[in-house]
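*Asks:* Take this structure, written in structure tokens, and hold onto it; I'll ask about it next.
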Amino acid sequence: MPVTVIEDFPGFMKAINSETPIIIDFWAPWCGPCKIISPVFEKFSDKPENAALKFYKLDTEEVEQAMVESGVRVMPSFMVFQKGNKIGEVAGAIPKPLAVS
């Protein structure tokens with residue numbers, strides 16, 4: 001499943017309130033580790049066992065309000081949401097915890 005880019009705060013709100021669980025990659029253009037982990041995140045989105053999730057990327061420089069609202073303190077951060085609730089989180093560019101979550 002392709003990764004969808006969240007471009008604004010209303011798009012973020014729509015995504016996190018989905019009935020379907022979603023995972024968001026919070027990243028920034030200046031973040032080196034974000035660039036390293038991005039292809040890994042893309043690969044996870046294509047795995048059949050992850051078909052029940054929707055995958056999103058959010059540039060924290062572009063949608064800063066979403067970063068603040070979510071409590072992002074480390075980049076990259078990966079957060080799982082469903083029906084408006086955060087149900088999981090992994091901080092940092094470490095593939096193994098991301099795969100397990």
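Residues in the structure tokens are named by chain (A, B, ... in the order shown) and by number from 1 within that chain; ligands are numbered from 1 in the order shown.
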Would you please extract all strand (DSSP E) residues from chain A, as assigned by DSSP on the backbone, and give them as a list of chain:residue names?

*Replies:*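 So, restricting chain A to strand (DSSP E), we get A:Thr4, A:Val5, A:Ile6, A:Ile22, A:Ile23, A:Ile24, A:Asp25, A:Phe26, A:Trp27, A:Lys54, A:Phe55, A:Tyr56, A:Lys57, A:Leu58, A:Asp59, A:Ser77, A:Phe78, A:Met79, A:Val80, A:Phe81, A:Gln82, A:Asn85, A:Lys86, A:Ile87, A:Gly88, A:Glu89, A:Val90, A:Ala91.
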
*Asks:* Which residues are near Thr4 in chain A? Cut-off 7 Å, only C-alpha atoms, ignore same chain within fewer than 4 positions. Put them as a list in words.

*Replies:* Phe55, Tyr56 and Lys57 of chain A

*Asks:* Could the residues in this selection be written to a file with C-alpha atoms, as a PDB file, in the first residue's frame?

*Replies:*
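Written output follows (out.pdb):
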ATOM      1  CA  PHE A  55       0.656   4.530   6.084  1.00  0.00           C
ATOM      2  CA  TYR A  56       1.236   8.298   6.140  1.00  0.00           C
ATOM      3  CA  LYS A  57       4.184  10.721   6.156  1.00  0.00           C
TER       4      LYS A  57
END

*Asks:* Using only C-alpha atoms, find the one residue out of A:Asp46, A:Lys35, A:Ser18, A:Asp59 that sits nearest to Asn85 in chain A.

*Replies:* A:Ser18

*Asks:* List as a list in words the protein and nucleic acid residues near range 68-74 of chain A, meaning an atom at most 10 Å away when only C-alpha atoms are counted, but skip any in the same chain fewer than 2 places from it.

*Replies:*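 Close residues of range 68-74 of chain A: Phe9, Phe26, Trp27, Thr60, Val63, Glu64, Gln65, Ala66, Pro76, Ser77, Phe78, Met79, Lys86, Glu89, Val90, Ala91, Gly92 and Ala93 of chain A.
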
*Asks:* Just write the chosen residues, N, CA and C atoms, as an mmCIF file, in the first residue's frame.

*Replies:*
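Heads up, here's the output in result04.cif:
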data_model
loop_
_atom_site.group_PDB
_atom_site.id
_atom_site.type_symbol
_atom_site.label_atom_id
_atom_site.label_comp_id
_atom_site.auth_asym_id
_atom_site.auth_seq_id
_atom_site.Cartn_x
_atom_site.Cartn_y
_atom_site.Cartn_z
ATOM 1 N N PHE A 9 -3.122 20.443 8.512
ATOM 2 C CA PHE A 9 -3.684 19.998 9.781
ATOM 3 C C PHE A 9 -5.053 19.334 9.619
ATOM 4 N N PHE A 26 6.496 10.950 11.299
ATOM 5 C CA PHE A 26 6.747 12.376 11.506
ATOM 6 C C PHE A 26 8.221 12.620 11.201
ATOM 7 N N TRP A 27 8.508 13.434 10.201
ATOM 8 C CA TRP A 27 9.880 13.651 9.755
ATOM 9 C C TRP A 27 10.115 15.137 9.474
ATOM 10 N N THR A 60 7.055 17.737 9.486
ATOM 11 C CA THR A 60 6.765 18.556 10.668
ATOM 12 C C THR A 60 7.059 20.043 10.443
ATOM 13 N N VAL A 63 3.578 20.978 8.688
ATOM 14 C CA VAL A 63 2.359 20.795 9.493
ATOM 15 C C VAL A 63 2.759 20.772 10.971
ATOM 16 N N GLU A 64 3.324 21.874 11.416
ATOM 17 C CA GLU A 64 3.861 21.971 12.775
ATOM 18 C C GLU A 64 2.788 21.737 13.837
ATOM 19 N N GLN A 65 1.568 22.176 13.579
ATOM 20 C CA GLN A 65 0.486 22.012 14.552
ATOM 21 C C GLN A 65 0.235 20.529 14.855
ATOM 22 N N ALA A 66 0.368 19.678 13.854
ATOM 23 C CA ALA A 66 0.182 18.236 14.063
ATOM 24 C C ALA A 66 1.291 17.678 14.946
ATOM 25 N N PRO A 76 13.109 10.775 13.639
ATOM 26 C CA PRO A 76 11.714 10.553 13.273
ATOM 27 C C PRO A 76 10.926 9.947 14.431
ATOM 28 N N SER A 77 9.627 10.154 14.397
ATOM 29 C CA SER A 77 8.701 9.482 15.318
ATOM 30 C C SER A 77 7.626 8.816 14.483
ATOM 31 N N PHE A 78 7.243 7.640 14.908
ATOM 32 C CA PHE A 78 6.198 6.881 14.222
ATOM 33 C C PHE A 78 5.083 6.655 15.226
ATOM 34 N N MET A 79 3.890 7.096 14.885
ATOM 35 C CA MET A 79 2.760 6.970 15.807
ATOM 36 C C MET A 79 1.602 6.273 15.117
ATOM 37 N N LYS A 86 -4.116 7.806 20.132
ATOM 38 C CA LYS A 86 -2.781 7.279 19.859
ATOM 39 C C LYS A 86 -2.686 5.929 20.546
ATOM 40 N N GLU A 89 3.591 4.035 19.611
ATOM 41 C CA GLU A 89 4.596 5.038 19.254
ATOM 42 C C GLU A 89 5.987 4.422 19.289
ATOM 43 N N VAL A 90 6.803 4.783 18.298
ATOM 44 C CA VAL A 90 8.215 4.421 18.265
ATOM 45 C C VAL A 90 8.971 5.692 17.909
ATOM 46 N N ALA A 91 9.993 6.028 18.693
ATOM 47 C CA ALA A 91 10.795 7.219 18.429
ATOM 48 C C ALA A 91 12.185 6.801 17.980
ATOM 49 N N GLY A 92 12.682 7.465 16.954
ATOM 50 C CA GLY A 92 14.023 7.198 16.463
ATOM 51 C C GLY A 92 14.026 6.352 15.204
ATOM 52 N N ALA A 93 15.184 6.312 14.572
ATOM 53 C CA ALA A 93 15.345 5.617 13.294
ATOM 54 C C ALA A 93 15.894 4.212 13.496
#

*Asks:* Distance CA of Ile36 in chain A-CA of Gln82 in chain A, one decimal place?

*Replies:*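 Here the two named atoms are 26.7 Å from each other.
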
*Asks:* From a DSSP pass on the backbone, collect the residues of chain A flagged as helix (DSSP H, G or I) and hand them back as a PyMOL selection string.

*Replies:* chain A and resi 9-16+32-46+48-50+64-70+95-100

*Asks:* Restrict the selected residues to N, CA and C atoms and save them as a short mmCIF file (atom, residue, chain, number, x, y, z; two decimals), in the first residue's frame.

*Replies:*
data_model
loop_
_atom_site.label_atom_id
_atom_site.label_comp_id
_atom_site.auth_asym_id
_atom_site.auth_seq_id
_atom_site.Cartn_x
_atom_site.Cartn_y
_atom_site.Cartn_z
N PHE A 9 -3.12 20.44 8.51
CA PHE A 9 -3.68 20.00 9.78
C PHE A 9 -5.05 19.33 9.62
N PRO A 10 -5.95 19.86 8.78
CA PRO A 10 -7.22 19.14 8.58
C PRO A 10 -7.01 17.72 8.03
N GLY A 11 -6.02 17.55 7.17
CA GLY A 11 -5.70 16.21 6.66
C GLY A 11 -5.20 15.30 7.77
N PHE A 12 -4.41 15.85 8.68
CA PHE A 12 -3.93 15.10 9.84
C PHE A 12 -5.11 14.66 10.70
N MET A 13 -6.01 15.59 10.99
CA MET A 13 -7.17 15.26 11.84
C MET A 13 -8.04 14.19 11.19
N LYS A 14 -8.23 14.28 9.90
CA LYS A 14 -9.02 13.28 9.19
C LYS A 14 -8.35 11.91 9.29
N ALA A 15 -7.04 11.87 9.09
CA ALA A 15 -6.30 10.61 9.13
C ALA A 15 -6.37 9.96 10.51
N ILE A 16 -6.12 10.72 11.57
CA ILE A 16 -6.06 10.10 12.90
C ILE A 16 -7.43 9.67 13.41
N GLY A 32 18.69 13.87 9.25
CA GLY A 32 19.43 12.80 8.58
C GLY A 32 18.86 11.41 8.86
N PRO A 33 18.61 11.05 10.14
CA PRO A 33 18.03 9.74 10.42
C PRO A 33 16.67 9.53 9.75
N CYS A 34 15.91 10.61 9.56
CA CYS A 34 14.61 10.49 8.88
C CYS A 34 14.81 10.00 7.45
N LYS A 35 15.85 10.51 6.80
CA LYS A 35 16.14 10.12 5.41
C LYS A 35 16.60 8.67 5.34
N ILE A 36 17.30 8.22 6.36
CA ILE A 36 17.80 6.85 6.38
C ILE A 36 16.66 5.85 6.58
N ILE A 37 15.73 6.15 7.47
CA ILE A 37 14.66 5.20 7.81
C ILE A 37 13.49 5.25 6.81
N SER A 38 13.39 6.31 6.04
CA SER A 38 12.26 6.47 5.12
C SER A 38 12.06 5.27 4.18
N PRO A 39 13.12 4.74 3.54
CA PRO A 39 12.92 3.58 2.67
C PRO A 39 12.43 2.34 3.43
N VAL A 40 12.84 2.21 4.69
CA VAL A 40 12.39 1.09 5.52
C VAL A 40 10.89 1.22 5.78
N PHE A 41 10.44 2.42 6.10
CA PHE A 41 9.02 2.69 6.32
C PHE A 41 8.22 2.37 5.06
N GLU A 42 8.75 2.77 3.91
CA GLU A 42 8.09 2.49 2.62
C GLU A 42 7.96 0.98 2.41
N LYS A 43 9.03 0.23 2.74
CA LYS A 43 8.99 -1.24 2.60
C LYS A 43 7.93 -1.85 3.50
N PHE A 44 7.83 -1.36 4.75
CA PHE A 44 6.82 -1.87 5.68
C PHE A 44 5.42 -1.67 5.11
N SER A 45 5.20 -0.57 4.42
CA SER A 45 3.87 -0.28 3.88
C SER A 45 3.48 -1.28 2.80
N ASP A 46 4.46 -1.91 2.16
CA ASP A 46 4.19 -2.86 1.09
C ASP A 46 4.05 -4.31 1.56
N PRO A 48 2.49 -7.60 3.01
CA PRO A 48 1.11 -8.09 3.13
C PRO A 48 0.59 -8.12 4.56
N GLU A 49 1.46 -8.41 5.53
CA GLU A 49 1.02 -8.47 6.93
C GLU A 49 0.65 -7.10 7.50
N ASN A 50 0.98 -6.03 6.78
CA ASN A 50 0.63 -4.68 7.22
C ASN A 50 -0.54 -4.10 6.44
N GLU A 64 3.32 21.87 11.42
CA GLU A 64 3.86 21.97 12.78
C GLU A 64 2.79 21.74 13.84
N GLN A 65 1.57 22.18 13.58
CA GLN A 65 0.49 22.01 14.55
C GLN A 65 0.24 20.53 14.85
N ALA A 66 0.37 19.68 13.85
CA ALA A 66 0.18 18.24 14.06
C ALA A 66 1.29 17.68 14.95
N MET A 67 2.51 18.17 14.75
CA MET A 67 3.64 17.72 15.57
C MET A 67 3.40 18.10 17.03
N VAL A 68 2.97 19.33 17.27
CA VAL A 68 2.71 19.80 18.63
C VAL A 68 1.55 19.02 19.24
N GLU A 69 0.48 18.86 18.50
CA GLU A 69 -0.72 18.15 18.97
C GLU A 69 -0.41 16.71 19.36
N SER A 70 0.52 16.09 18.62
CA SER A 70 0.86 14.68 18.86
C SER A 70 1.93 14.50 19.93
N PRO A 95 14.97 0.37 12.89
CA PRO A 95 14.00 -0.46 12.17
C PRO A 95 13.33 -1.56 12.99
N LYS A 96 14.06 -2.23 13.88
CA LYS A 96 13.47 -3.38 14.58
C LYS A 96 12.25 -3.01 15.43
N PRO A 97 12.32 -1.99 16.31
CA PRO A 97 11.12 -1.63 17.06
C PRO A 97 9.98 -1.18 16.16
N LEU A 98 10.31 -0.56 15.05
CA LEU A 98 9.28 -0.11 14.12
C LEU A 98 8.56 -1.32 13.53
N ALA A 99 9.30 -2.36 13.21
CA ALA A 99 8.70 -3.57 12.64
C ALA A 99 7.81 -4.28 13.65
N VAL A 100 8.20 -4.28 14.91
CA VAL A 100 7.44 -4.97 15.96
C VAL A 100 6.16 -4.24 16.29
#

*Asks:* Have a look at A:Lys54, A:Cys31, A:Asn17, A:Lys83 and name the one nearest to Val3 in chain A; count only C-alpha atoms.

*Replies:*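 Ranked by minimum distance to Val3 in chain A, first place goes to A:Lys54.
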